[in-house]
$ cat final-v4.cif   # mmCIF, C-alpha atoms and all ligand atoms
data_upload
loop_
_atom_site.label_atom_id
_atom_site.label_comp_id
_atom_site.auth_asym_id
_atom_site.auth_seq_id
_atom_site.Cartn_x
_atom_site.Cartn_y
_atom_site.Cartn_z
CA MET L 1 0.00 0.00 0.00
CA LEU L 2 1.16 3.54 -0.73
CA ASN L 3 2.28 5.18 2.52
CA LYS L 4 1.29 8.68 1.44
CA LYS L 5 -1.58 10.95 2.51
CA SER L 6 -4.40 11.07 0.00
CA ILE L 7 -7.41 13.28 -0.66
CA ASP L 8 -9.33 11.09 1.80
CA ASP L 9 -7.11 12.45 4.58
CA ILE L 10 -7.88 16.15 4.09
CA GLN L 11 -10.75 18.67 4.19
CA VAL L 12 -10.99 20.84 1.07
CA LYS L 13 -14.24 22.82 1.52
CA GLY L 14 -13.61 26.44 0.62
CA LYS L 15 -9.92 25.72 -0.04
CA ARG L 16 -8.02 26.39 -3.29
CA VAL L 17 -6.77 22.95 -4.37
CA LEU L 18 -4.06 22.75 -7.07
CA VAL L 19 -4.29 19.32 -8.74
CA ARG L 20 -1.42 18.11 -10.92
CA CYS L 21 -2.91 15.74 -13.49
CA ASP L 22 -1.28 14.05 -16.50
CA PHE L 23 -3.29 15.41 -19.42
CA ASN L 24 -0.44 14.66 -21.83
CA VAL L 25 -2.82 13.17 -24.37
CA PRO L 26 -2.15 12.34 -28.03
CA LEU L 27 -3.46 15.13 -30.30
CA ILE L 28 -3.86 15.06 -34.08
CA ASP L 29 -4.83 18.43 -35.61
CA GLY L 30 -5.96 19.66 -32.19
CA LYS L 31 -8.18 16.62 -31.66
CA ILE L 32 -7.65 14.33 -28.66
CA THR L 33 -7.17 10.85 -30.11
CA ASP L 34 -7.18 9.01 -26.79
CA GLU L 35 -8.77 10.31 -23.59
CA ASN L 36 -7.68 7.51 -21.24
CA ARG L 37 -5.72 10.00 -19.14
CA LEU L 38 -8.64 12.43 -18.89
CA VAL L 39 -11.10 9.72 -17.83
CA ALA L 40 -8.60 8.31 -15.33
CA ALA L 41 -8.36 11.72 -13.62
CA LEU L 42 -12.13 12.16 -13.13
CA PRO L 43 -12.61 10.35 -9.77
CA THR L 44 -10.23 12.72 -7.96
CA ILE L 45 -11.64 15.84 -9.63
CA GLN L 46 -15.24 14.80 -8.92
CA LYS L 47 -14.45 14.07 -5.27
CA LEU L 48 -12.88 17.51 -4.80
CA ILE L 49 -15.83 19.22 -6.50
CA THR L 50 -18.32 17.32 -4.32
CA ASP L 51 -16.39 18.24 -1.18
CA GLY L 52 -16.56 21.94 -2.08
CA GLY L 53 -12.95 22.49 -3.07
CA ARG L 54 -11.93 25.22 -5.55
CA VAL L 55 -10.26 22.89 -8.07
CA ILE L 56 -7.32 24.31 -10.05
CA LEU L 57 -6.05 21.73 -12.55
CA CYS L 58 -2.60 21.79 -14.15
CA SER L 59 -0.63 19.56 -16.51
CA HIS L 60 1.98 19.52 -19.22
CA LEU L 61 1.33 18.54 -22.83
CA GLY L 62 4.15 17.41 -25.13
CA LYS L 63 7.49 19.19 -25.10
CA PRO L 64 7.07 22.92 -25.93
CA LYS L 65 10.53 23.59 -24.43
CA GLY L 66 9.56 26.70 -22.43
CA GLU L 67 7.73 28.36 -25.33
CA PRO L 68 3.95 29.03 -25.69
CA VAL L 69 3.51 26.61 -28.64
CA PRO L 70 -0.15 27.02 -29.74
CA GLU L 71 -0.43 23.41 -30.99
CA LEU L 72 0.36 22.27 -27.43
CA SER L 73 -2.21 24.41 -25.64
CA LEU L 74 -4.43 22.61 -23.14
CA ALA L 75 -7.49 24.41 -24.56
CA PRO L 76 -8.89 21.24 -26.20
CA VAL L 77 -8.49 19.42 -22.88
CA ALA L 78 -10.58 22.08 -21.08
CA VAL L 79 -13.38 21.61 -23.61
CA ARG L 80 -13.38 17.82 -23.29
CA LEU L 81 -13.11 17.90 -19.48
CA SER L 82 -16.17 20.19 -19.32
CA GLN L 83 -18.08 17.54 -21.26
CA LEU L 84 -16.80 14.64 -19.17
CA LEU L 85 -17.53 16.46 -15.89
CA ASP L 86 -20.76 17.92 -17.25
CA LYS L 87 -19.60 21.15 -15.66
CA GLU L 88 -17.82 24.25 -16.94
CA VAL L 89 -14.03 24.03 -16.74
CA VAL L 90 -12.74 27.60 -17.01
CA PHE L 91 -9.58 27.60 -19.14
CA ALA L 92 -6.98 30.16 -18.01
CA ALA L 93 -5.33 30.66 -21.40
CA ASP L 94 -2.36 32.41 -19.82
CA LYS L 95 0.96 32.09 -21.66
CA GLU L 96 2.70 32.81 -18.34
CA VAL L 97 0.68 29.89 -16.91
CA VAL L 98 0.43 31.72 -13.54
CA GLY L 99 0.10 35.26 -14.95
CA GLU L 100 -2.55 37.90 -14.30
CA GLU L 101 -5.21 36.02 -16.29
CA ALA L 102 -4.71 32.84 -14.24
CA LYS L 103 -4.72 34.73 -10.94
CA LYS L 104 -7.93 36.52 -11.91
CA ALA L 105 -9.61 33.22 -12.82
CA VAL L 106 -8.59 31.67 -9.50
CA ALA L 107 -9.69 34.74 -7.49
CA ALA L 108 -13.15 34.52 -9.07
CA MET L 109 -13.65 30.85 -8.08
CA LYS L 110 -16.41 29.68 -5.78
CA ASP L 111 -16.57 26.33 -3.92
CA GLY L 112 -16.91 23.49 -6.44
CA ASP L 113 -15.60 25.52 -9.40
CA VAL L 114 -12.94 24.15 -11.76
CA VAL L 115 -10.15 26.05 -13.56
CA LEU L 116 -7.54 24.52 -15.88
CA LEU L 117 -4.20 26.32 -16.22
CA GLU L 118 -2.25 26.44 -19.47
CA ASN L 119 0.50 23.92 -20.32
CA THR L 120 3.07 24.10 -17.50
CA ARG L 121 5.90 23.47 -20.01
CA TYR L 122 5.21 26.87 -21.58
CA ARG L 123 7.54 27.97 -18.76
CA ALA L 124 11.20 27.03 -19.19
CA GLU L 125 11.69 26.47 -15.46
CA GLU L 126 9.06 23.71 -15.33
CA THR L 127 11.33 20.87 -16.42
CA LYS L 128 14.23 22.31 -14.42
CA ASN L 129 12.21 22.18 -11.19
CA GLY L 130 13.07 25.86 -10.71
CA GLU L 131 12.15 27.63 -7.45
CA ALA L 132 10.49 30.72 -8.97
CA PHE L 133 7.85 28.88 -10.99
CA SER L 134 7.34 26.36 -8.16
CA LYS L 135 6.56 29.28 -5.83
CA GLU L 136 4.21 30.84 -8.39
CA LEU L 137 2.25 27.61 -8.65
CA ALA L 138 2.16 27.25 -4.86
CA SER L 139 0.88 30.84 -4.50
CA LEU L 140 -2.36 29.79 -6.25
CA CYS L 141 -3.37 27.20 -3.68
CA ASP L 142 -3.92 26.17 -0.05
CA ILE L 143 -3.54 22.44 -0.81
CA PHE L 144 -1.63 20.49 -3.50
CA VAL L 145 -2.79 17.15 -4.90
CA ASN L 146 -0.57 15.09 -7.19
CA ASP L 147 -2.63 12.74 -9.32
CA ALA L 148 -0.23 12.65 -12.30
CA PHE L 149 1.08 9.09 -12.14
CA GLY L 150 2.22 9.33 -15.80
CA THR L 151 4.59 12.15 -14.87
CA ALA L 152 5.63 10.86 -11.44
CA HIS L 153 9.06 9.83 -12.74
CA ARG L 154 9.82 13.48 -13.53
CA ALA L 155 10.99 16.02 -10.91
CA HIS L 156 9.44 19.22 -12.27
CA CYS L 157 8.00 22.39 -10.68
CA SER L 158 4.39 21.27 -11.03
CA ASN L 159 4.78 17.88 -9.36
CA VAL L 160 7.83 18.20 -7.06
CA GLY L 161 9.08 21.81 -6.63
CA VAL L 162 5.64 23.10 -5.74
CA THR L 163 5.48 20.81 -2.67
CA GLN L 164 8.34 22.79 -1.07
CA PHE L 165 5.99 25.75 -0.75
CA VAL L 166 2.66 24.12 0.12
CA GLU L 167 2.27 22.55 3.57
CA THR L 168 -0.37 20.02 2.55
CA ALA L 169 0.71 17.88 -0.42
CA VAL L 170 -1.22 14.64 -0.93
CA VAL L 171 -1.87 12.11 -3.72
CA GLY L 172 -5.10 11.59 -5.64
CA TYR L 173 -7.04 8.41 -6.34
CA LEU L 174 -5.33 7.67 -9.67
CA MET L 175 -1.85 7.86 -8.17
CA GLN L 176 -2.96 5.57 -5.34
CA LYS L 177 -4.60 3.06 -7.69
CA GLU L 178 -1.65 2.86 -10.09
CA ILE L 179 0.94 2.37 -7.36
CA ASP L 180 -1.13 -0.21 -5.48
CA PHE L 181 -1.96 -2.17 -8.65
CA LEU L 182 1.51 -2.14 -10.16
CA GLY L 183 3.05 -2.94 -6.79
CA ASN L 184 0.84 -5.99 -6.29
CA ALA L 185 1.25 -7.18 -9.88
CA VAL L 186 5.04 -7.18 -9.97
CA ASN L 187 6.25 -7.61 -6.39
CA ASN L 188 5.40 -11.27 -6.64
CA PRO L 189 4.39 -11.81 -10.28
CA GLU L 190 2.95 -15.04 -11.56
CA ARG L 191 5.54 -16.49 -13.96
CA PRO L 192 6.52 -16.57 -16.77
CA PHE L 193 6.83 -12.76 -16.42
CA VAL L 194 7.30 -11.03 -19.80
CA ALA L 195 8.14 -7.36 -20.38
CA ILE L 196 7.68 -5.76 -23.80
CA LEU L 197 9.44 -2.45 -24.55
CA GLY L 198 8.97 -0.29 -27.64
CA GLY L 199 8.07 3.25 -28.52
CA ALA L 200 10.29 6.19 -29.35
CA LYS L 201 11.64 7.52 -26.06
CA VAL L 202 14.76 5.40 -26.38
CA SER L 203 17.18 7.25 -24.08
CA SER L 204 14.68 7.75 -21.28
CA LYS L 205 13.60 4.09 -21.34
CA ILE L 206 16.58 2.07 -22.43
CA SER L 207 18.07 2.46 -18.94
CA VAL L 208 15.12 0.56 -17.49
CA ILE L 209 16.30 -2.60 -19.24
CA GLU L 210 19.08 -3.40 -16.79
CA ASN L 211 16.72 -3.54 -13.85
CA LEU L 212 14.02 -5.40 -15.71
CA LEU L 213 16.56 -8.13 -16.49
CA ASP L 214 16.60 -8.83 -12.74
CA LYS L 215 12.83 -9.34 -12.67
CA VAL L 216 11.58 -10.87 -15.92
CA ASP L 217 11.85 -14.26 -17.60
CA THR L 218 11.52 -12.80 -21.12
CA LEU L 219 12.30 -9.29 -22.34
CA ILE L 220 10.96 -8.31 -25.76
CA ILE L 221 12.31 -5.17 -27.44
CA GLY L 222 10.62 -3.69 -30.51
CA GLY L 223 9.58 -0.28 -31.81
CA GLY L 224 12.05 2.55 -31.96
CA MET L 225 14.03 0.97 -29.11
CA ALA L 226 15.22 -1.94 -31.26
CA TYR L 227 17.46 -0.15 -33.75
CA THR L 228 20.01 0.79 -31.12
CA PHE L 229 20.36 -2.94 -30.41
CA ALA L 230 20.58 -3.82 -34.12
CA LYS L 231 23.31 -1.24 -34.58
CA ALA L 232 25.07 -2.47 -31.45
CA LYS L 233 25.17 -5.94 -33.01
CA GLY L 234 26.93 -4.49 -36.08
CA GLY L 235 23.85 -4.24 -38.28
CA SER L 236 22.89 -1.37 -40.55
CA VAL L 237 19.81 0.60 -39.53
CA GLY L 238 19.68 3.28 -42.23
CA LYS L 239 17.97 6.39 -40.86
CA SER L 240 15.95 4.53 -38.22
CA LEU L 241 15.47 5.93 -34.73
CA LEU L 242 18.85 5.41 -33.05
CA GLU L 243 20.64 6.39 -29.85
CA GLU L 244 24.25 5.83 -30.96
CA ASP L 245 25.49 6.66 -27.43
CA TYR L 246 23.65 3.63 -26.06
CA CYS L 247 25.14 0.98 -28.38
CA GLU L 248 27.73 -0.07 -25.80
CA TYR L 249 24.99 -0.24 -23.17
CA ALA L 250 22.88 -2.37 -25.53
CA ARG L 251 25.77 -4.79 -26.04
CA ASN L 252 26.17 -5.04 -22.26
CA MET L 253 22.46 -5.75 -21.86
CA ILE L 254 22.60 -8.53 -24.46
CA GLN L 255 25.47 -10.04 -22.50
CA LYS L 256 23.71 -9.55 -19.14
CA ALA L 257 20.55 -11.24 -20.43
CA LYS L 258 22.65 -14.26 -21.44
CA GLU L 259 24.34 -14.38 -18.03
CA LYS L 260 20.99 -14.15 -16.21
CA GLY L 261 19.27 -16.68 -18.44
CA VAL L 262 16.70 -14.09 -19.52
CA ASN L 263 15.18 -14.75 -22.93
CA LEU L 264 15.91 -11.47 -24.77
CA LEU L 265 13.89 -11.21 -28.00
CA LEU L 266 14.89 -8.61 -30.60
CA PRO L 267 13.30 -8.13 -34.03
CA LEU L 268 14.22 -10.67 -36.72
CA ASP L 269 12.90 -8.46 -39.52
CA ASN L 270 11.48 -4.97 -40.02
CA VAL L 271 9.01 -3.18 -42.25
CA ILE L 272 11.11 -0.32 -43.62
CA ALA L 273 10.11 2.83 -45.52
CA ASP L 274 11.98 5.38 -47.62
CA ASP L 275 10.07 8.22 -45.94
CA PHE L 276 8.30 8.84 -42.60
CA SER L 277 4.88 8.63 -44.23
CA ASN L 278 2.06 6.12 -44.56
CA ASP L 279 2.32 6.33 -48.37
CA ALA L 280 6.07 5.80 -48.50
CA ASN L 281 7.60 2.91 -50.44
CA ARG L 282 7.98 0.03 -48.05
CA GLN L 283 9.50 -3.43 -47.88
CA VAL L 284 10.45 -6.10 -45.35
CA VAL L 285 14.14 -6.70 -44.64
CA LYS L 286 15.98 -8.82 -42.13
CA GLU L 287 17.20 -7.24 -38.90
CA GLY L 288 20.41 -5.27 -39.39
CA GLU L 289 19.98 -5.05 -43.19
CA ILE L 290 18.26 -1.66 -43.49
CA PRO L 291 19.77 0.21 -46.46
CA GLU L 292 20.87 3.84 -46.26
CA GLY L 293 17.95 6.21 -46.84
CA TRP L 294 15.43 3.74 -45.37
CA GLU L 295 14.09 3.51 -41.80
CA GLY L 296 12.39 0.81 -39.78
CA LEU L 297 8.81 1.81 -38.91
CA ASP L 298 7.36 -1.52 -37.80
CA ILE L 299 8.41 -5.02 -36.84
CA GLY L 300 8.19 -7.58 -39.68
CA PRO L 301 6.15 -10.81 -39.96
CA LEU L 302 8.87 -13.12 -38.60
CA THR L 303 9.16 -10.86 -35.57
CA VAL L 304 5.39 -10.70 -35.09
CA LYS L 305 5.35 -14.49 -34.87
CA SER L 306 8.35 -14.60 -32.54
CA PHE L 307 6.90 -11.99 -30.16
CA CYS L 308 3.35 -13.38 -30.19
CA ASP L 309 4.61 -16.93 -29.51
CA ALA L 310 6.62 -15.60 -26.57
CA VAL L 311 3.54 -14.17 -24.81
CA GLN L 312 1.36 -17.25 -25.39
CA ASP L 313 2.23 -18.95 -22.09
CA ALA L 314 3.03 -15.84 -20.06
CA ARG L 315 1.21 -15.32 -16.74
CA THR L 316 2.22 -11.66 -16.30
CA VAL L 317 2.93 -9.25 -19.17
CA VAL L 318 3.93 -5.58 -18.85
CA TRP L 319 4.02 -3.64 -22.12
CA ASN L 320 5.27 -0.12 -22.69
CA GLY L 321 5.86 1.36 -26.13
CA PRO L 322 4.25 0.52 -29.46
CA MET L 323 6.01 -1.93 -31.80
CA GLY L 324 5.88 0.53 -34.66
CA CYS L 325 4.44 3.81 -35.87
CA PHE L 326 0.90 2.59 -35.24
CA GLU L 327 -0.54 6.02 -36.04
CA MET L 328 0.12 5.14 -39.69
CA PRO L 329 -2.03 2.14 -40.77
CA ASN L 330 0.73 0.66 -42.93
CA PHE L 331 2.98 0.46 -39.88
CA ALA L 332 0.40 -0.55 -37.25
CA HIS L 333 0.44 -4.31 -37.87
CA GLY L 334 3.12 -5.16 -35.30
CA THR L 335 1.41 -3.20 -32.53
CA GLU L 336 -1.96 -4.66 -33.46
CA ALA L 337 -0.66 -8.24 -33.52
CA VAL L 338 0.96 -7.92 -30.09
CA ALA L 339 -2.17 -6.25 -28.64
CA LYS L 340 -4.31 -9.08 -30.04
CA ALA L 341 -1.95 -11.73 -28.66
CA LEU L 342 -2.13 -10.16 -25.19
CA ALA L 343 -5.93 -9.91 -25.40
CA GLN L 344 -6.04 -13.66 -26.08
CA THR L 345 -3.81 -14.74 -23.17
CA GLU L 346 -4.92 -15.63 -19.64
CA ALA L 347 -2.04 -13.52 -18.31
CA THR L 348 -2.27 -10.43 -16.10
CA THR L 349 -1.69 -7.79 -18.77
CA ILE L 350 -0.50 -4.30 -17.82
CA ILE L 351 -0.20 -1.68 -20.54
CA GLY L 352 1.80 1.42 -19.64
CA GLY L 353 2.09 4.72 -21.44
CA GLY L 354 0.13 7.38 -23.20
CA ASP L 355 0.72 6.11 -26.72
CA SER L 356 0.63 2.42 -25.77
CA ALA L 357 -2.74 2.93 -24.08
CA ALA L 358 -3.95 4.90 -27.10
CA ALA L 359 -2.84 2.13 -29.46
CA VAL L 360 -4.53 -0.63 -27.45
CA ASN L 361 -7.75 1.38 -27.09
CA GLN L 362 -7.84 2.46 -30.75
CA LEU L 363 -7.28 -1.16 -31.82
CA GLY L 364 -10.25 -2.21 -29.69
CA TYR L 365 -8.39 -4.31 -27.14
CA GLY L 366 -8.53 -1.85 -24.22
CA ASP L 367 -11.22 -3.71 -22.31
CA LYS L 368 -9.36 -7.03 -22.69
CA MET L 369 -6.36 -5.82 -20.68
CA THR L 370 -6.12 -6.24 -16.90
CA HIS L 371 -4.82 -2.71 -16.29
CA ILE L 372 -4.08 0.18 -18.60
CA SER L 373 -1.64 2.36 -16.73
CA THR L 374 -1.60 6.06 -17.48
CA GLY L 375 2.19 6.02 -17.22
CA GLY L 376 4.73 4.53 -19.60
CA GLY L 377 8.09 5.67 -18.32
CA ALA L 378 6.60 6.05 -14.85
CA SER L 379 5.32 2.46 -14.75
CA LEU L 380 8.64 1.18 -16.07
CA GLU L 381 10.65 3.07 -13.48
CA PHE L 382 8.27 1.89 -10.76
CA LEU L 383 8.66 -1.67 -11.98
CA GLU L 384 12.43 -1.41 -11.87
CA GLY L 385 12.14 -0.35 -8.23
CA LYS L 386 13.07 3.31 -8.60
CA GLU L 387 11.52 5.87 -6.23
CA LEU L 388 9.21 8.15 -8.23
CA PRO L 389 9.98 11.78 -7.29
CA GLY L 390 6.37 12.80 -7.81
CA VAL L 391 5.26 10.24 -5.21
CA ALA L 392 8.13 10.83 -2.77
CA ALA L 393 7.29 14.56 -2.62
CA ALA L 394 3.84 13.95 -1.10
CA ASN L 395 3.27 13.99 2.67
CA ASP L 396 3.78 10.65 4.42
CA LYS L 397 0.77 9.15 6.20
N1 LIG L 401 10.22 2.25 -35.34
C1 LIG L 401 9.80 3.44 -34.90
N2 LIG L 401 10.34 4.58 -35.38
C2 LIG L 401 9.91 5.79 -34.93
N3 LIG L 401 8.94 5.96 -34.00
C3 LIG L 401 8.38 4.85 -33.50
C4 LIG L 401 8.77 3.54 -33.92
N4 LIG L 401 8.01 2.65 -33.25
C5 LIG L 401 7.19 3.36 -32.44
N5 LIG L 401 7.40 4.68 -32.60
C6 LIG L 401 6.68 5.79 -31.96
O1 LIG L 401 6.75 5.68 -30.56
C7 LIG L 401 5.77 6.58 -30.05
C8 LIG L 401 5.35 6.21 -28.65
O2 LIG L 401 6.54 6.13 -27.89
P1 LIG L 401 6.47 6.40 -26.31
O3 LIG L 401 6.04 7.82 -26.06
O4 LIG L 401 7.77 5.93 -25.78
O5 LIG L 401 5.29 5.42 -25.88
P2 LIG L 401 4.35 5.61 -24.57
O6 LIG L 401 3.69 6.98 -24.72
O7 LIG L 401 3.38 4.49 -24.70
O8 LIG L 401 5.25 5.51 -23.39
C9 LIG L 401 4.62 6.53 -31.05
O9 LIG L 401 4.29 7.86 -31.43
C10 LIG L 401 5.18 5.73 -32.23
O10 LIG L 401 4.87 6.31 -33.48
O1 LIG L 402 3.61 10.62 -21.71
C1 LIG L 402 4.33 10.55 -20.72
O2 LIG L 402 5.30 9.61 -20.56
P1 LIG L 402 5.23 8.15 -21.35
O3 LIG L 402 5.35 8.49 -22.82
O4 LIG L 402 6.40 7.42 -20.83
O5 LIG L 402 3.91 7.55 -21.00
C2 LIG L 402 4.21 11.46 -19.51
O6 LIG L 402 3.15 12.38 -19.70
C3 LIG L 402 5.53 12.20 -19.33
O7 LIG L 402 5.77 12.94 -20.48
P2 LIG L 402 7.31 13.27 -20.84
O8 LIG L 402 7.95 11.97 -21.26
O9 LIG L 402 7.21 14.28 -21.97
O10 LIG L 402 7.94 13.85 -19.59
#
$ encode --input "final-v4.cif" --output "structure tokens"
Amino acid sequence: MLNKKSIDDIQVKGKRVLVRCDFNVPLIDGKITDENRLVAALPTIQKLITDGGRVILCSHLGKPKGEPVPELSLAPVAVRLSQLLDKEVVFAADKEVVGEEAKKAVAAMKDGDVVLLENTRYRAEETKNGEAFSKELASLCDIFVNDAFGTAHRAHCSNVGVTQFVETAVVGYLMQKEIDFLGNAVNNPERPFVAILGGAKVSSKISVIENLLDKVDTLIIGGGMAYTFAKAKGGSVGKSLLEEDYCEYARNMIQKAKEKGVNLLLPLDNVIADDFSNDANRQVVKEGEIPEGWEGLDIGPLTVKSFCDAVQDARTVVWNGPMGCFEMPNFAHGTEAVAKALAQTEATTIIGGGDSAAAVNQLGYGDKMTHISTGGGASLEFLEGKELPGVAAANDK
């Protein structure tokens, strides 16, 4: 059980409550393509409304790098949240995030009202956990609630720094549920325990591998993660996603897997394209044989079979990161095949990550999974036993 105070341990009536959510949702042309993270945040928000709190929501969206990037505004999230809550969510469209417009919106709040601040990463200090912005956020509230499990592995102003300047800092229901579920599922997992890694955030996730090798029976690596391994094995990867600096690490992990008797499965073949586009020319080539000017955008048929066979008899599967660029139909087959294979197993299946959850939901397998975590990197770091800064910063029970 999580040994942190939660919203059940505090009184919020008449209080300004700043709630850090993870509304980092996939957007295409300003449209939210998966609202798993919005829906997951509702229980906490509804509880605070019912208890008469003045609910000030904040989140990041994408990586605007300290600039007010219009395409990464949280405006569409405010509209959708109003619909989901069936209640007006006032959007403080303030490029300073906590500028005059935001302060005015908060000052006008009555008990049970909801305001959403603009993308916290419009401010450069956010990702640096700077004191000034942390203090600005804290100045808006009497109580801080962290319900952003998906961002809990980050130490930023809006989930860690802010707690230095607010006496009461507790966790919300989503944070509690994720930690309790993931903790139970992997502290003593039914075996065989299989982990599947993919996606595009290679550098921030590849370091998880070492710790997972101490926990799993099989580790499957696909998606953008795999090309660093192919290169490390001396293969050619063309212009595929690659973290050259991690090739040595990848070689060490291949060796470590052998020493630990972990079954490490890497792609045998890839669907490659001559352009990052659904209409690009494409072909299937063996692993490590990607010509210059081409890039791997999905796992190939031999790999699909290898990966799906490997999950057949699993009893616990954790999956973070799509197997390919599933947003493009011509490169969605690998992700779809793995999602279908998981849906057909008897295993405890845990899907982690914004895009992984989106892929599984869009492919229609969402309700077949045991748990769809709202955190990719966060669930991986939790699974490898790391303390999540966003959780550690909350008040102990
Ligand atoms: N081979 C690949 N090349 C480039 N991008 C890829 C590849 N495979 C998957 N991706 C991209 O990975 C992204 C998701 O990665 P990530 O954010 O790590 O997943 P999650 O949000 O589930 O943690 C998707 O947008 C997908 O298009
Ligand atoms: O989407 C997220 O992480 P994930 O892709 O690992 O699930 C979180 O919202 C954190 O976002 P970040 O990786 O831009 O810090």
$ closest_residue --input "final-v4.cif" --among "L:Asn146, L:Leu219, L:Lys305, L:Asp34" --to "Lys258 in chain L" --atoms "only C-alpha atoms"
L:Leu219
$ residues_near_ligand --input "final-v4.cif" --ligand "ligand LIG 401 (chain L)" --cutoff "7 Å" --atoms "all atoms listed in the file" --output "MDAnalysis selection string"
chainID L and resid 198:201 223:224 240:241 296:298 320:327 352:357 375:377
$ atom_distance --input "final-v4.cif" --atom1 "CA of Ala337 in chain L" --atom2 "CA of Lys239 in chain L"
24.8 Å
$ atom_distance --input "final-v4.cif" --atom1 "CA of Ala230 in chain L" --atom2 "CA of Val285 in chain L"
12.7 Å
$ atom_distance --input "final-v4.cif" --atom1 "CA of Ser139 in chain L" --atom2 "atom O4 of ligand LIG 402 (chain L)"
29.1 Å
$ residues_around --input "final-v4.cif" --residues "range 67-84 of chain L" --least-positions-apart "3" --cutoff "12 Å" --atoms "only C-alpha atoms" --output "PyMOL selection string"
chain L and resi 21-43+45-46+56-64+87-97+113-126
$ closest_residue --input "final-v4.cif" --among "L:Arg251, L:Lys13, L:Arg154, L:Arg54" --to "ligand LIG 402 (chain L)" --atoms "all atoms listed in the file"
L:Arg154
$ residues_near_point --input "final-v4.cif" --point "(-1.1, -13.0, -18.9)" --cutoff "6 Å" --atoms "all atoms listed in the file" --output "ChimeraX atom specification"
/L:314-317,345-349
$ residues_around --input "final-v4.cif" --residues "Ser203 in chain L" --least-positions-apart "3" --cutoff "10 Å" --atoms "all atoms listed in the file" --output "ChimeraX atom specification"
/L:200,206-208,225,228,242-246
$ residues_around --input "final-v4.cif" --residues "Lys286 in chain L" --least-positions-apart "4" --cutoff "7 Å" --atoms "only C-alpha atoms" --output "tab-separated table (two decimals) with C-alpha atoms, in the frame of the given file"
chain	number	residue	atom	x	y	z
L	268	LEU	CA	14.22	-10.67	-36.72
L	269	ASP	CA	12.90	-8.46	-39.52
L	270	ASN	CA	11.48	-4.97	-40.02
$ residues_around --input "final-v4.cif" --residues "Asp274 in chain L" --least-positions-apart "6" --cutoff "10 Å" --atoms "all atoms listed in the file" --output "number ranges by chain"
L: 238-239, 280-283, 291-297
$ residues_near_point --input "final-v4.cif" --point "(-8.9, -12.4, -26.3)" --cutoff "10 Å" --atoms "all atoms listed in the file" --output "list in words"
Ala339, Lys340, Ala341, Leu342, Ala343, Gln344, Thr345, Glu346, Tyr365, Asp367, Lys368 and Met369 of chain L
$ residues_around --input "final-v4.cif" --residues "Phe229 in chain L" --least-positions-apart "5" --cutoff "10 Å" --atoms "all atoms listed in the file" --output "list in words"
Ile221, Gly222, Gly234, Gly235, Val237, Leu242, Glu243, Glu244, Tyr246, Cys247, Glu248, Tyr249, Ala250, Arg251, Met253, Ile254, Leu266, Pro267 and Gly288 of chain L
$ closest_residue --input "final-v4.cif" --among "L:Gln312, L:Thr50, L:Gln255, L:Ser236" --to "Ile290 in chain L" --atoms "all atoms listed in the file"
L:Ser236
$ closest_residue --input "final-v4.cif" --among "L:Val391, L:Ala332, L:Leu197, L:Leu212" --to "ligand LIG 402 (chain L)" --atoms "only C-alpha atoms and all ligand atoms"
L:Leu197
$ closest_residue --input "final-v4.cif" --among "L:Lys128, L:Lys15, L:Lys256, L:Lys4" --to "ligand LIG 402 (chain L)" --atoms "only C-alpha atoms and all ligand atoms"
L:Lys128
$ closest_residue --input "final-v4.cif" --among "L:Asp86, L:Asp9, L:Glu287, L:Asp51" --to "Gly112 in chain L" --atoms "all atoms listed in the file"
L:Asp51
